[in-house]
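K.L.:
Next up is a structure, given as structure tokens.
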Amino acid sequence: MPISATAPQGVNPLLDSRDLRLPRIADPCVLVMFGITGDLARRKLLPAVYDLAGRGLLSPAFCLVGVGRRDWDDEAMRSYVAQAVRSGARTPWRPAVWEQLAAGMRFVTLSSFDDAAAYARLTQVVEDLDARRGTGGNRAFYLSIPPGWFPTVTQQVAACGLVEEAPGAWRRVIIEKPFGHDRASAAELDTLVGRIVRPDDVFRVDHYLGKETVQNILALRFANTMLEPLWNHRYVDHVQITMAEDIGIGTRAGYYDTIGSARDVIQNHLLQLLALTAMEEPTSMTAAAVRAEKEKVLASVRLERRGELDLDATTARGRYDAGFQGGVPVKGYLEEDGVAPGSRTETFAAIRLEIANRRWSGVPFYLRTGKRLARRVTEVAVVFERPPFLPFDGAATAGVGANTIVLRIQPDEGVTMRLASKVPGSHMELRDVSMDFGYGGTFNEESPEAYERLILDALLGDAPLFPHQREVDLSWRILDPVIDRWAAAGEPDGYRPGSWGPASAHQLLARDGRTWRRS
């Protein structure tokens, strides 16, 4: 059944009233997507837009304007989007959904990002859609482009009048990471975007924050009385946050070789996971309340170990060598296509942090990320103190480790609790057992893909899942000294493909008498 443009306001006939996952419908609007021909748009953004339409969560008046350098007309763009949707969407292809969505698609060709005449055409296209499709003057600009082009694009968008405020209409800007390459450049980026929209109308996309299991951290912590009393330095020994990949850089050398693991993952994904794991309970789940607690935690993070700053002892970096992974020969990082000769870019980064507040005083947080590691996994592991006394003999408890709660972000989303239990038999022997909750086996509902949630929330103006500039600034404050130290330290340590990183990463924990989890 086609979507009716005359459906009652706020009601969409394709919206299942039983779907409680993403229940709100976005306002009529025009989404202008710079970089629509890029890899991210093809693989993630365009399928997510279609999936939102397929779930009835976009207004029938929603319009998508693609901006790129290809010499396309509107029909060529529709063909491109259809291919991306058919290969990447999670909801079934439905002609009625596609026809409604395609009717609002337009394409504007830029000869270059500073092509003033093209921005004038873009203005005409958007204003025409406002008039013809009833978008109410609401506009969102998705900048899926290299950060180096942000100054030019923001200047041109402002000059052509597209972001001028209008009564009853909103203007929003959505930007992808990296949010700068250090603290100073992040502040410059914020200034640039601030020239065209208000701070609360800037949505910085960290796609990890859109994952169901990341949001479940808050539910697990604050909706369960049995956990909150234990979530502090009295009972927690340490926390490990891991994002590991078993692949190399692939075709991303042009991007990756200028960024490295720490900037690519620790500055955003892992520090956000740390903030959600360590923050105090917010007064509500509004963007302002959640943001305030995350900012307090990030402001309390320290690089010092027991009061002393020694970055050589509290950080580790590495670079994968050539070798075999899964029985297949793989290149070393320096042999990858597009990597600069003599590059010092790290493909593995680990860092030890402490949080200087009453809840977490003395509890180390270990963060690590890397390419070509033993397996693909993202998790937060909260490792508890061992009991102060065990009334069992040493042989009975030889196979028992510390109680651990593991929040599995990907690929097997869920939560595992590791506990000690008696082995069946006539004698007392204890062994670790796991109590496991998996999303796939517990809920009938399929979790929304991260970009579905994030795009919808940006169109709704709902900001809890988007880092604010203050969070970005605090994250760079933490990471900048590490990057500066590494720049002066020479070559990263090598490590074998399929391992868990360089020896220096294991030494980082060994100094504290601990070891990394073998995830």
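We label chains A, B, ... in the order they appear in the structure tokens, count residues from 1 in each chain, and number ligands from 1 in the order shown.
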Might you pull out every residue within 8 Å of range 202-210 of chain A, with only C-alpha atoms counted and same-chain residues fewer than 3 positions away left off, and present them as a tab-separated table (two decimals) with all heavy atoms, in the first residue's frame?
P.N.:
chain	number	residue	atom	x	y	z
A	172	ARG	N	20.10	21.71	10.82
A	172	ARG	CA	21.01	20.86	11.58
A	172	ARG	C	22.17	20.42	10.70
A	172	ARG	O	22.01	20.27	9.48
A	172	ARG	CB	20.27	19.63	12.14
A	172	ARG	CG	19.21	20.02	13.15
A	172	ARG	CD	18.40	18.86	13.66
A	172	ARG	NE	17.31	19.38	14.50
A	172	ARG	CZ	16.07	18.93	14.51
A	172	ARG	NH1	15.74	17.90	13.72
A	172	ARG	NH2	15.17	19.46	15.30
A	173	VAL	N	23.30	20.16	11.33
A	173	VAL	CA	24.49	19.68	10.64
A	173	VAL	C	24.94	18.38	11.29
A	173	VAL	O	25.05	18.31	12.53
A	173	VAL	CB	25.64	20.71	10.68
A	173	VAL	CG1	26.92	20.11	10.12
A	173	VAL	CG2	25.26	21.96	9.87
A	174	ILE	N	25.17	17.36	10.47
A	174	ILE	CA	25.62	16.05	10.95
A	174	ILE	C	27.02	15.83	10.39
A	174	ILE	O	27.24	15.92	9.17
A	174	ILE	CB	24.69	14.93	10.46
A	174	ILE	CG1	23.23	15.27	10.80
A	174	ILE	CG2	25.08	13.59	11.07
A	174	ILE	CD1	22.22	14.38	10.10
A	175	ILE	N	27.99	15.56	11.25
A	175	ILE	CA	29.36	15.38	10.79
A	175	ILE	C	29.90	14.06	11.30
A	175	ILE	O	29.58	13.59	12.39
A	175	ILE	CB	30.29	16.54	11.22
A	175	ILE	CG1	30.28	16.73	12.74
A	175	ILE	CG2	29.88	17.83	10.53
A	175	ILE	CD1	31.21	17.81	13.22
A	176	GLU	N	30.75	13.45	10.48
A	176	GLU	CA	31.39	12.18	10.81
A	176	GLU	C	32.75	12.44	11.46
A	176	GLU	O	33.39	13.47	11.22
A	176	GLU	CB	31.61	11.35	9.53
A	176	GLU	CG	30.35	10.69	9.00
A	176	GLU	CD	29.98	9.44	9.77
A	176	GLU	OE1	30.84	8.88	10.48
A	176	GLU	OE2	28.82	9.03	9.66
A	177	LYS	N	33.18	11.49	12.29
A	177	LYS	CA	34.54	11.56	12.81
A	177	LYS	C	35.53	11.38	11.65
A	177	LYS	O	35.15	10.83	10.62
A	177	LYS	CB	34.75	10.50	13.89
A	177	LYS	CG	34.87	9.07	13.37
A	177	LYS	CD	35.21	8.14	14.51
A	177	LYS	CE	35.47	6.74	14.02
A	177	LYS	NZ	36.69	6.57	13.23
A	179	PHE	N	36.79	14.10	14.55
A	179	PHE	CA	36.48	15.47	14.92
A	179	PHE	C	37.79	16.19	15.20
A	179	PHE	O	38.19	16.42	16.34
A	179	PHE	CB	35.57	15.49	16.16
A	179	PHE	CG	34.40	14.55	16.05
A	179	PHE	CD1	34.16	13.59	17.02
A	179	PHE	CD2	33.55	14.60	14.96
A	179	PHE	CE1	33.09	12.73	16.92
A	179	PHE	CE2	32.47	13.73	14.84
A	179	PHE	CZ	32.24	12.79	15.83
A	193	VAL	N	31.79	25.01	12.12
A	193	VAL	CA	30.40	24.56	12.08
A	193	VAL	C	29.51	25.53	12.85
A	193	VAL	O	28.35	25.75	12.48
A	193	VAL	CB	30.29	23.13	12.64
A	193	VAL	CG1	28.84	22.66	12.63
A	193	VAL	CG2	31.15	22.17	11.83
A	197	VAL	N	25.30	26.91	12.23
A	197	VAL	CA	24.18	26.48	13.09
A	197	VAL	C	24.58	26.65	14.55
A	197	VAL	O	25.75	26.77	14.89
A	197	VAL	CB	23.80	25.00	12.84
A	197	VAL	CG1	23.18	24.81	11.48
A	197	VAL	CG2	24.99	24.08	13.03
A	198	ARG	N	23.59	26.61	15.41
A	198	ARG	CA	23.83	26.71	16.84
A	198	ARG	C	24.48	25.42	17.37
A	198	ARG	O	24.32	24.36	16.77
A	198	ARG	CB	22.51	26.96	17.57
A	198	ARG	CG	21.83	28.27	17.21
A	198	ARG	CD	20.43	28.33	17.81
A	198	ARG	NE	19.60	27.23	17.34
A	198	ARG	CZ	18.38	26.98	17.78
A	198	ARG	NH1	17.85	27.75	18.71
A	198	ARG	NH2	17.68	25.97	17.30
A	199	PRO	N	25.20	25.52	18.49
A	199	PRO	CA	25.88	24.32	19.02
A	199	PRO	C	24.96	23.12	19.22
A	199	PRO	O	25.36	21.98	18.96
A	199	PRO	CB	26.46	24.81	20.35
A	199	PRO	CG	26.66	26.28	20.16
A	199	PRO	CD	25.52	26.73	19.27
A	214	VAL	N	25.66	-0.75	23.42
A	214	VAL	CA	26.27	0.40	24.08
A	214	VAL	C	25.23	1.10	24.95
A	214	VAL	O	25.49	1.45	26.11
A	214	VAL	CB	26.87	1.36	23.05
A	214	VAL	CG1	27.31	2.66	23.71
A	214	VAL	CG2	28.06	0.71	22.36
A	215	GLN	N	24.03	1.28	24.40
A	215	GLN	CA	22.97	1.91	25.19
A	215	GLN	C	22.55	1.02	26.36
A	215	GLN	O	22.10	1.51	27.40
A	215	GLN	CB	21.78	2.20	24.29
A	215	GLN	CG	22.12	3.22	23.22
A	215	GLN	CD	21.02	3.32	22.21
A	215	GLN	OE1	19.93	3.78	22.53
A	215	GLN	NE2	21.28	2.90	20.99
A	268	ASN	N	37.55	8.51	20.33
A	268	ASN	CA	36.09	8.61	20.25
A	268	ASN	C	35.42	7.37	20.85
A	268	ASN	O	34.85	7.43	21.94
A	268	ASN	CB	35.65	8.84	18.80
A	268	ASN	CG	36.51	8.07	17.81
A	268	ASN	OD1	36.37	6.86	17.66
A	268	ASN	ND2	37.41	8.75	17.12
A	269	HIS	N	35.49	6.23	20.14
A	269	HIS	CA	34.73	5.05	20.57
A	269	HIS	C	35.07	4.62	22.01
A	269	HIS	O	34.18	4.45	22.85
A	269	HIS	CB	35.01	3.87	19.64
A	269	HIS	CG	34.67	4.11	18.21
A	269	HIS	ND1	33.68	4.98	17.81
A	269	HIS	CD2	35.19	3.60	17.07
A	269	HIS	CE1	33.61	4.98	16.49
A	269	HIS	NE2	34.51	4.15	16.02
A	272	GLN	N	34.34	7.11	24.84
A	272	GLN	CA	32.90	7.18	25.07
A	272	GLN	C	32.41	5.96	25.86
A	272	GLN	O	31.57	6.09	26.76
A	272	GLN	CB	32.16	7.28	23.74
A	272	GLN	CG	32.21	8.66	23.09
A	272	GLN	CD	31.39	9.68	23.85
A	272	GLN	OE1	30.30	9.39	24.34
A	272	GLN	NE2	31.91	10.90	23.95
A	449	GLU	N	19.96	-0.97	13.15
A	449	GLU	CA	21.36	-0.74	12.81
A	449	GLU	C	21.74	0.64	13.35
A	449	GLU	O	20.92	1.56	13.41
A	449	GLU	CB	21.53	-0.80	11.29
A	449	GLU	CG	22.96	-1.10	10.84
A	449	GLU	CD	23.80	0.14	10.76
A	449	GLU	OE1	23.25	1.23	10.55
A	449	GLU	OE2	25.04	0.03	10.91
A	450	ALA	N	23.03	0.81	13.74
A	450	ALA	CA	23.44	2.04	14.43
A	450	ALA	C	23.10	3.29	13.63
A	450	ALA	O	22.61	4.28	14.19
A	450	ALA	CB	24.94	1.97	14.72
A	451	TYR	N	23.34	3.26	12.32
A	451	TYR	CA	23.09	4.47	11.53
A	451	TYR	C	21.61	4.76	11.37
A	451	TYR	O	21.22	5.92	11.18
A	451	TYR	CB	23.78	4.38	10.17
A	451	TYR	CG	25.22	4.82	10.23
A	451	TYR	CD1	26.27	3.90	10.27
A	451	TYR	CD2	25.54	6.16	10.26
A	451	TYR	CE1	27.58	4.32	10.33
A	451	TYR	CE2	26.86	6.59	10.33
A	451	TYR	CZ	27.87	5.66	10.36
A	451	TYR	OH	29.18	6.08	10.43
A	453	ARG	N	19.40	4.46	13.78
A	453	ARG	CA	19.07	5.19	15.01
A	453	ARG	C	19.67	6.60	14.98
A	453	ARG	O	19.00	7.58	15.35
A	453	ARG	CB	19.59	4.43	16.22
A	453	ARG	CG	19.18	5.03	17.55
A	453	ARG	CD	19.79	4.26	18.71
A	453	ARG	NE	19.34	2.89	18.71
A	453	ARG	CZ	18.21	2.48	19.27
A	453	ARG	NH1	17.40	3.35	19.82
A	453	ARG	NH2	17.89	1.21	19.26
A	454	LEU	N	20.93	6.71	14.56
A	454	LEU	CA	21.59	8.00	14.61
A	454	LEU	C	21.01	8.99	13.61
A	454	LEU	O	20.84	10.18	13.92
A	454	LEU	CB	23.10	7.82	14.38
A	454	LEU	CG	23.82	7.04	15.49
A	454	LEU	CD1	25.24	6.70	15.08
A	454	LEU	CD2	23.82	7.83	16.80
A	458	ALA	N	19.06	12.41	14.71
A	458	ALA	CA	19.48	13.72	14.21
A	458	ALA	C	18.31	14.47	13.59
A	458	ALA	O	18.13	15.67	13.79
A	458	ALA	CB	20.61	13.58	13.20
A	463	ALA	N	19.50	14.38	21.02
A	463	ALA	CA	20.96	14.38	21.03
A	463	ALA	C	21.68	13.48	22.03
A	463	ALA	O	22.91	13.53	22.06
A	463	ALA	CB	21.45	15.82	21.26
A	465	LEU	N	22.77	10.51	22.03
A	465	LEU	CA	23.75	9.58	21.46
A	465	LEU	C	24.86	10.28	20.69
A	465	LEU	O	25.69	9.61	20.08
A	465	LEU	CB	23.05	8.58	20.54
A	465	LEU	CG	21.95	7.73	21.18
A	465	LEU	CD1	21.39	6.75	20.17
A	465	LEU	CD2	22.48	6.99	22.39
A	466	PHE	N	24.90	11.60	20.75
A	466	PHE	CA	25.91	12.34	19.99
A	466	PHE	C	26.83	13.09	20.94
A	466	PHE	O	26.37	13.84	21.79
A	466	PHE	CB	25.23	13.34	19.05
A	466	PHE	CG	24.37	12.70	18.00
A	466	PHE	CD1	23.05	12.40	18.27
A	466	PHE	CD2	24.89	12.40	16.75
A	466	PHE	CE1	22.24	11.80	17.32
A	466	PHE	CE2	24.09	11.80	15.79
A	466	PHE	CZ	22.76	11.50	16.07
A	467	PRO	N	28.16	12.90	20.81
A	467	PRO	CA	29.07	13.62	21.69
A	467	PRO	C	29.03	15.12	21.43
A	467	PRO	O	29.02	15.56	20.28
A	467	PRO	CB	30.45	13.05	21.35
A	467	PRO	CG	30.28	12.15	20.19
A	467	PRO	CD	28.84	12.00	19.87
A	468	HIS	N	29.01	15.88	22.49
A	468	HIS	CA	29.04	17.33	22.39
A	468	HIS	C	30.49	17.80	22.24
A	468	HIS	O	31.43	17.05	22.53
A	468	HIS	CB	28.40	17.94	23.65
A	468	HIS	CG	28.10	19.39	23.55
A	468	HIS	ND1	28.96	20.37	24.00
A	468	HIS	CD2	27.02	20.04	23.04
A	468	HIS	CE1	28.42	21.57	23.78
A	468	HIS	NE2	27.26	21.39	23.20
K.L.:
Tell me, as a PyMOL selection string, which residues lie within 8 Å of range 75-90 of chain A, counting only C-alpha atoms; anything in the same chain fewer than 6 positions away does not count.
P.N.:
chain A and resi 42-44+46-48+50-51+66+102+105-107
K.L.:
For Val380 in chain A, which residue among A:Ile196, A:Val239, A:Leu58, A:Ile259 is the nearest when counting only C-alpha atoms?
P.N.:
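Ranking A:Ile196, A:Val239, A:Leu58, A:Ile259 by distance to Val380 in chain A, first place goes to A:Val239.
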K.L.:
Quick one: everything within 7 Å of range 278-281 of chain A, counting only C-alpha atoms, minus sequence neighbours fewer than 3 positions away in the same chain. Send it as a list in words.
P.N.:
Phe222, Leu274, Ala275, Glu293, Lys294 and Val297 of chain A
K.L.:
I need the residues from that last selection saved to file as a JSON list (two decimals), in the first residue's frame (with N, CA, C and O atoms), if you can.
P.N.:
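Here's the written file again-v3.json:
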[["chain", "number", "residue", "atom", "x", "y", "z"],
["A", 222, "PHE", "N", 21.84, 1.25, 35.67],
["A", 222, "PHE", "CA", 20.94, 2.09, 36.45],
["A", 222, "PHE", "C", 19.54, 1.51, 36.64],
["A", 222, "PHE", "O", 18.72, 2.11, 37.32],
["A", 274, "LEU", "N", 34.22, 4.28, 27.96],
["A", 274, "LEU", "CA", 34.69, 4.52, 29.32],
["A", 274, "LEU", "C", 33.73, 5.46, 30.06],
["A", 274, "LEU", "O", 33.36, 5.20, 31.22],
["A", 275, "ALA", "N", 33.32, 6.53, 29.39],
["A", 275, "ALA", "CA", 32.44, 7.50, 30.05],
["A", 275, "ALA", "C", 31.11, 6.86, 30.44],
["A", 275, "ALA", "O", 30.60, 7.09, 31.55],
["A", 293, "GLU", "N", 27.01, 14.18, 32.89],
["A", 293, "GLU", "CA", 27.72, 13.14, 33.64],
["A", 293, "GLU", "C", 28.92, 12.59, 32.86],
["A", 293, "GLU", "O", 29.95, 12.28, 33.46],
["A", 294, "LYS", "N", 28.78, 12.45, 31.54],
["A", 294, "LYS", "CA", 29.93, 12.00, 30.75],
["A", 294, "LYS", "C", 31.06, 13.02, 30.82],
["A", 294, "LYS", "O", 32.24, 12.65, 30.92],
["A", 297, "VAL", "N", 33.08, 12.74, 34.03],
["A", 297, "VAL", "CA", 34.02, 11.62, 34.04],
["A", 297, "VAL", "C", 35.25, 11.93, 33.19],
["A", 297, "VAL", "O", 36.39, 11.73, 33.62]]
K.L.:
Go through A:Ile36, A:Leu270, A:Val67, A:Val163 and flag the residue nearest Glu127 in chain A, using only C-alpha atoms for the distances.
P.N.:
A:Val163
K.L.:
Could you pull out all residues of range 132-333 of chain A with a DSSP call of strand (DSSP E) and give them as a VMD selection string?
P.N.:
chain A and resid 139 to 143 171 to 176 202 to 205 236 to 244 301 to 302 315 to 320 323 to 325 328 to 330
K.L.:
Provide the CA of Tyr255 in chain A to CA of Val330 in chain A distance in Å, to one decimal place.
P.N.:
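The value is 20.1 Å.
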K.L.:
Counting only C-alpha atoms, figure out which residue out of A:Ala158, A:Met33, A:Ala131, A:Ala61 gets nearest to Thr109 in chain A.
P.N.:
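Checking each candidate against Thr109 in chain A, we get A:Met33 as the closest.
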K.L.:
Excluding same-chain residues fewer than 4 positions from Ala262 in chain A, what lies within 7 Å of it counting only C-alpha atoms, as JSON, numbers by chain?
P.N.:
{"A": [266, 267, 349]}
K.L.:
Please list as a list in words every residue within 12 Å of Pro95 in chain A, counting only C-alpha atoms and excluding residues in the same chain fewer than 2 positions away.
P.N.:
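Final neighbour list, sorted by chain and number: Met1, Pro2, Ile3, Tyr50, Ala53, Gly54, Ala82, Arg86, Pro92, Trp93, Val97, Trp98, Glu99, Gln100, Leu101, Ala102 and Ala103 of chain A.
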K.L.:
Which residues, written as a list in words, have at least one atom at most 7 Å from range 319-325 of chain A, with only C-alpha atoms counted and residues fewer than 4 positions away on the same chain left out?
P.N.:
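So the residues in contact are Pro329, Val330, Lys331, Gly332, Tyr333, Glu346, Thr347, Phe348, Arg372, Pro492, Asp493, Gly494, Tyr495, Arg496, Pro497 and Gly498 of chain A.
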K.L.:
I need the residues from that last selection saved to file as a PDB file, in the first residue's frame (with N, CA and C atoms), if you can.
P.N.:
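Below you can see part.pdb, which holds the result:
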ATOM      1  N   PRO A 329      48.681 -16.051   4.069  1.00  0.00           N
ATOM      2  CA  PRO A 329      49.728 -15.031   4.160  1.00  0.00           C
ATOM      3  C   PRO A 329      49.142 -13.633   4.034  1.00  0.00           C
ATOM      4  N   VAL A 330      49.599 -12.714   4.876  1.00  0.00           N
ATOM      5  CA  VAL A 330      49.115 -11.332   4.851  1.00  0.00           C
ATOM      6  C   VAL A 330      50.311 -10.384   4.844  1.00  0.00           C
ATOM      7  N   LYS A 331      50.086  -9.203   4.286  1.00  0.00           N
ATOM      8  CA  LYS A 331      51.131  -8.185   4.224  1.00  0.00           C
ATOM      9  C   LYS A 331      51.322  -7.533   5.586  1.00  0.00           C
ATOM     10  N   GLY A 332      52.544  -7.029   5.789  1.00  0.00           N
ATOM     11  CA  GLY A 332      52.772  -6.145   6.919  1.00  0.00           C
ATOM     12  C   GLY A 332      52.227  -4.765   6.598  1.00  0.00           C
ATOM     13  N   TYR A 333      52.043  -3.945   7.631  1.00  0.00           N
ATOM     14  CA  TYR A 333      51.434  -2.634   7.402  1.00  0.00           C
ATOM     15  C   TYR A 333      52.220  -1.803   6.398  1.00  0.00           C
ATOM     16  N   GLU A 346      50.695   3.836  13.923  1.00  0.00           N
ATOM     17  CA  GLU A 346      50.438   2.617  14.690  1.00  0.00           C
ATOM     18  C   GLU A 346      49.142   1.961  14.233  1.00  0.00           C
ATOM     19  N   THR A 347      49.131   0.631  14.254  1.00  0.00           N
ATOM     20  CA  THR A 347      47.904  -0.127  13.997  1.00  0.00           C
ATOM     21  C   THR A 347      47.383  -0.786  15.271  1.00  0.00           C
ATOM     22  N   PHE A 348      48.080  -0.586  16.371  1.00  0.00           N
ATOM     23  CA  PHE A 348      47.668  -1.068  17.686  1.00  0.00           C
ATOM     24  C   PHE A 348      47.974   0.034  18.689  1.00  0.00           C
ATOM     25  N   ARG A 372      44.491  -6.635  12.713  1.00  0.00           N
ATOM     26  CA  ARG A 372      45.161  -7.932  12.570  1.00  0.00           C
ATOM     27  C   ARG A 372      45.396  -8.592  13.929  1.00  0.00           C
ATOM     28  N   PRO A 492      56.904   2.213  15.966  1.00  0.00           N
ATOM     29  CA  PRO A 492      56.048   1.343  16.802  1.00  0.00           C
ATOM     30  C   PRO A 492      56.643  -0.062  16.877  1.00  0.00           C
ATOM     31  N   ASP A 493      56.293  -0.785  17.938  1.00  0.00           N
ATOM     32  CA  ASP A 493      56.727  -2.172  18.075  1.00  0.00           C
ATOM     33  C   ASP A 493      55.979  -3.054  17.070  1.00  0.00           C
ATOM     34  N   GLY A 494      56.681  -4.036  16.517  1.00  0.00           N
ATOM     35  CA  GLY A 494      56.034  -4.976  15.616  1.00  0.00           C
ATOM     36  C   GLY A 494      55.264  -6.041  16.385  1.00  0.00           C
ATOM     37  N   TYR A 495      54.245  -6.605  15.726  1.00  0.00           N
ATOM     38  CA  TYR A 495      53.546  -7.744  16.328  1.00  0.00           C
ATOM     39  C   TYR A 495      53.057  -8.683  15.230  1.00  0.00           C
ATOM     40  N   ARG A 496      52.871  -9.911  15.620  1.00  0.00           N
ATOM     41  CA  ARG A 496      52.510 -10.965  14.686  1.00  0.00           C
ATOM     42  C   ARG A 496      51.016 -10.915  14.367  1.00  0.00           C
ATOM     43  N   PRO A 497      50.645 -11.017  13.087  1.00  0.00           N
ATOM     44  CA  PRO A 497      49.217 -11.106  12.751  1.00  0.00           C
ATOM     45  C   PRO A 497      48.562 -12.281  13.480  1.00  0.00           C
ATOM     46  N   GLY A 498      47.346 -12.074  13.961  1.00  0.00           N
ATOM     47  CA  GLY A 498      46.641 -13.120  14.694  1.00  0.00           C
ATOM     48  C   GLY A 498      46.996 -13.196  16.162  1.00  0.00           C
TER      49      GLY A 498
END
K.L.:
Check the smallest atom-to-atom distance from each of A:Arg263, A:Arg344, A:Arg24, A:Arg302 to Ala487 in chain A using only C-alpha atoms, then report the winner.
P.N.:
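The shortest atom-to-atom distance to Ala487 in chain A comes from A:Arg344.
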K.L.:
Counting only C-alpha atoms, which residue out of A:Val383, A:Leu220, A:Ile25, A:Leu334 sits closest to Asn232 in chain A?
P.N.:
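Once distances to Asn232 in chain A are computed over only C-alpha atoms, the minimum belongs to A:Val383.
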K.L.:
Counting only C-alpha atoms, figure out which residue out of A:Asp200, A:Glu295, A:Glu335, A:Asp71 gets nearest to Thr37 in chain A.
P.N.:
A:Asp71
K.L.:
When you look at Ala253 in chain A with a cut-off of 9 Å (counting only C-alpha atoms), what residues show up, excluding the ones that are within fewer than 6 positions of it in the same chain? I need them as an MDAnalysis selection string.
P.N.:
chainID A and resid 336:340
K.L.:
Report, in Å to a single decimal, how far apart CA of Thr135 in chain A and CA of Gln156 in chain A are.
P.N.:
22.3 Å
K.L.:
If I take CA of Pro464 in chain A and CA of Val65 in chain A, how far is one from the other in Å, to one decimal?
P.N.:
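About the pair CA of Pro464 in chain A and CA of Val65 in chain A: they are 26.2 Å apart.
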